[in-house]
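data.cif follows; it contains mmCIF, C-alpha atoms.
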data_final
#
loop_
_atom_site.label_atom_id
_atom_site.label_comp_id
_atom_site.auth_asym_id
_atom_site.auth_seq_id
_atom_site.Cartn_x
_atom_site.Cartn_y
_atom_site.Cartn_z
CA MET A 1 -10.67 2.61 -31.48
CA SER A 2 -7.29 4.18 -31.03
CA VAL A 3 -5.47 4.31 -27.73
CA ARG A 4 -2.78 6.76 -26.92
CA ASN A 5 -1.01 7.81 -23.78
CA ILE A 6 -1.50 11.20 -22.28
CA THR A 7 1.98 12.37 -21.43
CA LYS A 8 2.58 15.00 -18.81
CA PRO A 9 4.55 18.08 -19.81
CA VAL A 10 8.25 17.65 -19.28
CA THR A 11 10.17 20.47 -17.64
CA ALA A 12 13.10 22.00 -19.51
CA GLN A 13 15.48 20.68 -16.87
CA ALA A 14 14.10 17.14 -17.13
CA ALA A 15 14.25 17.24 -20.93
CA SER A 16 17.85 18.47 -20.87
CA LEU A 17 18.94 15.81 -18.37
CA LYS A 18 17.22 13.11 -20.40
CA THR A 19 18.96 14.20 -23.60
CA SER A 20 22.37 14.32 -21.89
CA LEU A 21 21.84 10.91 -20.35
CA ALA A 22 20.61 9.36 -23.61
CA ASN A 23 23.69 10.77 -25.39
CA GLU A 24 25.91 9.30 -22.71
CA LEU A 25 24.21 5.91 -23.05
CA GLY A 26 24.63 6.06 -26.81
CA ARG A 27 28.37 6.76 -26.48
CA ASN A 28 28.79 3.86 -24.04
CA GLN A 29 32.34 4.78 -23.05
CA PRO A 30 33.82 3.74 -19.71
CA GLY A 31 35.18 6.45 -17.44
CA ASP A 32 34.77 8.30 -14.18
CA VAL A 33 33.02 11.37 -15.59
CA GLN A 34 29.43 12.01 -14.50
CA PRO A 35 26.84 10.86 -15.25
CA LEU A 36 28.21 7.56 -14.07
CA ILE A 37 25.95 4.71 -15.19
CA LEU A 38 26.13 1.47 -13.21
CA MET A 39 24.21 -1.65 -14.13
CA GLU A 40 23.81 -4.95 -12.34
CA GLY A 41 21.88 -8.12 -13.11
CA GLY A 42 20.52 -9.00 -16.50
CA GLY A 43 21.27 -12.70 -16.01
CA GLN A 44 18.87 -15.57 -16.51
CA GLN A 45 15.92 -13.82 -14.97
CA GLY A 46 16.77 -10.88 -17.18
CA SER A 47 16.09 -8.09 -14.72
CA LYS A 48 18.57 -5.24 -14.51
CA HIS A 49 19.17 -2.64 -11.83
CA VAL A 50 20.42 0.71 -13.12
CA TYR A 51 22.03 3.40 -10.98
CA VAL A 52 22.98 6.78 -12.40
CA ILE A 53 25.32 8.82 -10.24
CA TRP A 54 25.08 12.43 -11.20
CA ASP A 55 25.24 15.60 -9.12
CA ASP A 56 22.86 17.27 -11.55
CA TRP A 57 20.05 15.28 -9.94
CA ARG A 58 20.32 17.51 -6.88
CA ASP A 59 17.07 19.48 -7.35
CA LEU A 60 14.90 16.57 -8.46
CA SER A 61 12.86 14.06 -6.46
CA ALA A 62 13.73 10.36 -6.53
CA ILE A 63 10.71 9.61 -8.72
CA GLU A 64 11.58 12.34 -11.23
CA ARG A 65 15.14 11.04 -11.47
CA SER A 66 13.91 7.50 -12.02
CA GLU A 67 11.47 8.59 -14.74
CA ILE A 68 14.20 10.51 -16.57
CA ILE A 69 16.49 7.47 -16.46
CA MET A 70 13.74 5.27 -17.89
CA ASP A 71 12.91 7.79 -20.63
CA ALA A 72 16.59 7.97 -21.62
CA PHE A 73 16.94 4.19 -21.68
CA GLU A 74 13.77 3.89 -23.71
CA GLU A 75 15.13 6.37 -26.24
CA VAL A 76 18.33 4.36 -26.66
CA MET A 77 17.12 0.77 -26.16
CA GLY A 78 13.54 1.04 -27.36
CA LYS A 79 10.33 0.10 -25.53
CA GLU A 80 11.12 -3.63 -25.42
CA GLY A 81 14.75 -3.20 -24.44
CA CYS A 82 14.05 -1.14 -21.37
CA LEU A 83 11.49 -3.66 -20.04
CA GLU A 84 14.23 -5.71 -18.41
CA ILE A 85 15.11 -2.78 -16.15
CA THR A 86 13.30 -3.24 -12.85
CA VAL A 87 15.16 -0.68 -10.73
CA ALA A 88 16.23 2.77 -11.91
CA MET A 89 17.77 5.04 -9.30
CA GLY A 90 19.32 8.44 -9.71
CA LEU A 91 21.75 9.43 -6.97
CA THR A 92 24.13 12.28 -6.35
CA ALA A 93 27.71 11.26 -5.57
CA GLN A 94 27.12 11.93 -1.89
CA GLU A 95 23.94 9.83 -1.83
CA ALA A 96 25.66 7.00 -3.68
CA LYS A 97 28.49 7.05 -1.18
CA ARG A 98 26.01 6.86 1.68
CA LEU A 99 24.36 3.83 0.10
CA ASN A 100 27.70 2.28 -0.79
CA ILE A 101 26.88 2.25 -4.49
CA GLY A 102 29.57 2.93 -7.06
CA MET B 1 13.88 16.32 15.39
CA GLY B 2 10.69 16.61 13.33
CA LEU B 3 8.68 13.61 12.18
CA ARG B 4 9.31 14.30 8.49
CA PHE B 5 13.05 14.38 9.05
CA ARG B 6 12.99 11.25 11.21
CA VAL B 7 10.99 9.24 8.69
CA ASP B 8 12.67 10.55 5.55
CA SER B 9 16.19 10.08 6.88
CA THR B 10 15.97 6.40 5.96
CA PRO B 11 14.86 5.37 2.46
CA GLU B 12 11.48 3.69 2.01
CA THR B 13 11.90 -0.04 1.35
CA LEU B 14 9.60 -2.85 0.22
CA GLN B 15 9.59 -4.15 3.78
CA ASP B 16 8.42 -0.74 5.01
CA MET B 17 5.65 -0.87 2.44
CA SER B 18 4.41 -4.28 3.62
CA LEU B 19 4.50 -3.20 7.27
CA ALA B 20 2.70 0.04 6.42
CA ALA B 21 0.06 -1.97 4.56
CA GLU B 22 -0.61 -3.96 7.73
CA GLU B 23 -0.80 -0.84 9.89
CA ARG B 24 -3.09 1.06 7.52
CA PHE B 25 -5.34 -1.99 7.26
CA ALA B 26 -5.75 -2.23 11.04
CA GLU B 27 -6.34 1.52 11.36
CA GLY B 28 -8.80 1.53 8.47
CA LEU B 29 -10.75 -1.33 10.00
CA ASP B 30 -10.88 0.48 13.37
CA LEU B 31 -12.26 3.61 11.71
CA VAL B 32 -14.93 1.73 9.78
CA THR B 33 -15.96 -0.03 13.00
CA LEU B 34 -16.35 3.41 14.60
CA ASP B 35 -18.57 4.49 11.66
CA ARG B 36 -15.83 6.78 10.29
CA HIS B 37 -16.44 5.17 6.90
CA TRP B 38 -14.80 7.66 4.56
CA SER B 39 -11.52 7.85 6.47
CA GLY B 40 -11.55 4.12 7.11
CA VAL B 41 -12.02 3.29 3.44
CA TYR B 42 -9.27 5.74 2.56
CA LEU B 43 -6.79 3.80 4.69
CA LEU B 44 -8.08 0.41 3.55
CA GLY B 45 -7.54 1.43 -0.08
CA TYR B 46 -3.99 2.48 0.68
CA SER B 47 -3.40 -0.85 2.37
CA ALA B 48 -4.61 -2.73 -0.72
CA GLU B 49 -2.53 -0.54 -3.02
CA MET B 50 0.61 -1.25 -1.02
CA ASN B 51 -0.11 -4.97 -0.88
CA LEU B 52 -0.59 -5.20 -4.65
CA LYS B 53 2.49 -3.07 -5.35
CA ALA B 54 4.74 -4.93 -2.92
CA SER B 55 3.57 -8.28 -4.32
CA PHE B 56 4.30 -7.14 -7.85
CA PHE B 57 7.85 -6.15 -6.92
CA ARG B 58 8.51 -9.25 -4.77
CA LEU B 59 7.29 -11.39 -7.66
CA GLY B 60 9.93 -9.70 -9.80
CA GLY B 61 12.60 -10.95 -7.41
CA GLU B 62 13.18 -7.75 -5.47
CA ARG B 63 14.29 -8.16 -1.86
CA PRO B 64 12.52 -6.65 1.16
CA SER B 65 15.42 -4.23 1.60
CA GLN B 66 15.03 -2.82 -1.92
CA GLN B 67 14.24 0.89 -2.03
CA VAL B 68 10.82 1.58 -3.50
CA LYS B 69 11.49 4.84 -5.32
CA GLY B 70 13.68 3.22 -7.98
CA LEU B 71 11.04 0.60 -8.78
CA LEU B 72 8.14 2.78 -9.84
CA ALA B 73 9.27 4.32 -13.13
CA PRO B 74 10.37 0.96 -14.61
CA ALA B 75 6.95 -0.45 -13.64
CA ARG B 76 5.22 2.43 -15.38
CA LYS B 77 7.17 1.72 -18.57
CA MET B 78 6.01 -1.88 -18.38
CA GLY B 79 2.46 -0.66 -17.88
CA GLU B 80 2.67 1.67 -20.88
CA ARG B 81 3.87 -1.28 -22.97
CA PHE B 82 1.22 -3.81 -21.91
CA PHE B 83 -1.70 -1.67 -20.76
CA PRO B 84 -1.49 1.61 -22.67
CA GLY B 85 -5.09 2.52 -21.91
CA VAL B 86 -4.87 2.01 -18.14
CA PRO B 87 -3.71 5.11 -16.24
CA CYS B 88 -1.44 4.43 -13.30
CA GLU B 89 -3.00 7.40 -11.43
CA LEU B 90 0.36 8.66 -10.22
CA TYR B 91 1.29 5.08 -9.28
CA HIS B 92 -1.77 4.68 -7.05
CA SER B 93 -4.24 2.86 -9.29
CA LEU B 94 -5.39 -0.45 -7.81
CA TRP B 95 -6.52 -1.62 -11.24
CA PHE B 96 -3.13 -0.81 -12.76
CA TRP B 97 -1.23 -2.80 -10.11
CA CYS B 98 -3.65 -5.71 -10.33
CA LEU B 99 -3.15 -5.98 -14.10
CA MET B 100 0.61 -5.59 -13.72
CA LEU B 101 0.69 -8.37 -11.13
CA ARG B 102 -1.26 -10.72 -13.38
CA ARG B 103 0.94 -9.86 -16.33
CA ARG B 104 4.13 -10.57 -14.40
CA ARG B 105 2.74 -13.85 -13.11
CA ARG B 106 1.98 -14.84 -16.67
CA LEU B 107 5.45 -13.76 -17.89
CA LEU B 108 6.98 -15.90 -15.14
CA SER B 109 4.64 -18.81 -16.01
CA ARG B 110 3.05 -18.88 -12.56
CA ALA B 111 -0.11 -20.95 -12.54
CA PRO B 112 -3.02 -18.50 -12.47
CA ASP B 113 -5.09 -20.39 -9.90
CA ALA B 114 -2.39 -22.06 -7.78
CA HIS B 115 -2.83 -20.14 -4.52
CA PHE B 116 -5.80 -17.90 -5.22
CA ARG B 117 -8.47 -17.57 -7.88
CA ASP B 118 -7.33 -15.23 -10.59
CA SER B 119 -10.92 -14.24 -11.32
CA GLU B 120 -11.32 -13.32 -7.64
CA LEU B 121 -8.27 -11.05 -7.79
CA LEU B 122 -9.89 -9.23 -10.68
CA ARG B 123 -13.28 -9.08 -8.98
CA GLN B 124 -12.07 -7.86 -5.60
CA THR B 125 -9.70 -5.30 -7.09
CA ARG B 126 -12.44 -4.03 -9.37
CA ARG B 127 -14.81 -3.62 -6.41
CA LEU B 128 -12.27 -1.67 -4.41
CA HIS B 129 -11.21 0.37 -7.43
CA GLN B 130 -14.83 1.52 -7.74
CA THR B 131 -14.78 2.61 -4.08
CA TRP B 132 -11.27 3.94 -3.56
CA TRP B 133 -8.99 6.25 -5.50
CA VAL B 134 -6.22 8.34 -4.06
CA GLU B 135 -7.78 11.71 -4.78
CA MET B 136 -10.91 10.90 -2.77
CA ARG B 137 -9.09 12.61 0.11
CA TYR B 138 -10.01 15.99 -1.40
CA ARG B 139 -13.72 15.25 -1.28
CA PRO B 140 -16.13 15.53 1.63
CA ALA B 141 -17.35 12.24 3.04
CA GLN B 142 -20.26 10.82 1.02
CA ILE B 143 -20.16 7.08 1.43
CA GLN B 144 -22.85 4.50 2.13
CA PRO B 145 -22.22 1.95 4.88
CA SER B 146 -22.67 -0.80 2.25
CA GLU B 147 -19.81 0.71 0.23
CA ALA B 148 -17.58 0.66 3.30
CA ILE B 149 -18.41 -3.03 3.72
CA VAL B 150 -17.35 -3.67 0.13
CA ALA B 151 -14.04 -1.93 0.83
CA VAL B 152 -13.48 -3.98 3.98
CA GLU B 153 -14.22 -7.23 2.13
CA ALA B 154 -12.03 -6.43 -0.86
CA ALA B 155 -9.09 -5.03 1.12
CA SER B 156 -9.28 -8.04 3.47
CA TRP B 157 -9.19 -10.47 0.56
CA ILE B 158 -6.19 -8.71 -1.00
CA ARG B 159 -4.39 -8.60 2.35
CA HIS B 160 -5.08 -12.28 2.97
CA HIS B 161 -3.48 -13.24 -0.36
CA ALA B 162 -0.67 -10.68 -0.44
CA VAL B 163 2.00 -13.38 -0.08
CA ASP B 164 0.21 -15.80 -2.41
CA PHE B 165 0.40 -13.22 -5.18
CA TRP B 166 4.16 -13.52 -5.44
CA ARG B 167 4.59 -17.23 -4.56
#
Can you dump the structure from the file as structure tokens?
Amino acid sequence: MSVRNITKPVTAQAASLKTSLANELGRNQPGDVQPLILMEGGGQQGSKHVYVIWDDWRDLSAIERSEIIMDAFEEVMGKEGCLEITVAMGLTAQEAKRLNIG
Amino acid sequence: MGLRFRVDSTPETLQDMSLAAEERFAEGLDLVTLDRHWSGVYLLGYSAEMNLKASFFRLGGERPSQQVKGLLAPARKMGERFFPGVPCELYHSLWFWCLMLRRRRRLLSRAPDAHFRDSELLRQTRRLHQTWWVEMRYRPAQIQPSEAIVAVEAASWIRHHAVDFWR
């Protein structure tokens, strides 16, 4: 028996954002240019919270943003690597300011 | 100010989810008691889904104030890794959340039978999963009273142990 996932079609916008974000993660350079990637945790319990501040999220729902972040992290860190992420939130700069993140 | 705006102006948190689970349970039970079985079961299933989900996240160390939306996609990745053949049904599958909860308990070395019987978690979730799925809302009511009883029993058991699941 073989098992494979049925993946839903990815929109062009989602694919483009994922690629940009994965490239940014691969570069891993500090700075204030969006997308701004913030990470907390990853200590003994190993769980990490990831926040990506990016105004390009504007037209996407919170779930879509979160799925794109996880797909980008999976591309860069692999399936095992991204398992320690337990929170993935995409926020515009305004939303991040409101939540006091960043 | 409209209801949607009022509710959506504050982000949904884990605490909201647990409170909503309690409210939906009470409302579901009321409806079943009034012989509105289909609608009652629909709310009872939601209650169980929220209890399983919230327990899974609390077990992972998330606080009641944590926003829910950022938790779902990481959980799905974990599900794809450990249970590739189990669909998460747009994050609503009772079976998916039950397996995820058990997996996390095992990863955290929680004793399987410390506060509840692991086999009972599987049994009750399976029973409810056979009776409730999120898309049942699009179907006309076609439920036997005995099936509503199963839903009441299973959702009650899950609700009763919701805190035990993450202890």
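Using the PyMOL selection byres ((chain A) within 7 of (chain B)) on the file at hand returns these residues: Val3, Arg4, Asn5, Ala62, Ile63, Ser66, Glu67, Met70, Leu83, Ile85, Thr86, Val87, Ala88 and Met89 of chain A.
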Show me, as a list of chain:residue names, the residues that have an atom within 10 Å of Leu101 (chain B) when counting only C-alpha atoms, minus same-chain residues fewer than 5 positions from it. B:Leu52, B:Lys53, B:Ala54, B:Ser55, B:Phe56, B:Phe57, B:Leu59, B:Gly60, B:Trp95, B:Phe96, B:Arg106, B:Leu107, B:Leu121, B:Phe165, B:Trp166
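Of note, CA of Ile37 (chain A) and CA of Ile53 (chain A) are spaced 6.5 Å apart.
Of the listed residues B:Ser156, B:Ser93, B:Thr33, B:Ser9, the one whose atoms come nearest to Glu135 (chain B) is B:Ser93, with distances taken using all atoms listed in the file.
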Polymer residues at most 7 Å from Met39 (chain A), all atoms listed in the file, same-chain spacing of 2 or more positions, as a list in words: Ile37, Gly41, Lys48, His49, Val50 and Tyr51 of chain A
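Residue nearest Ala93 (chain A) within the list A:Gln34, A:Lys79, A:Arg65, A:Phe73: A:Gln34 [criterion: smallest interatomic distance, only C-alpha atoms].
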Which residues match the PyMOL selection byres ((chain A and resi 18-31) around 8) in the file above, as a ChimeraX atom specification? /A:14-17,32-33,35-36,68-69,71-73,75-76
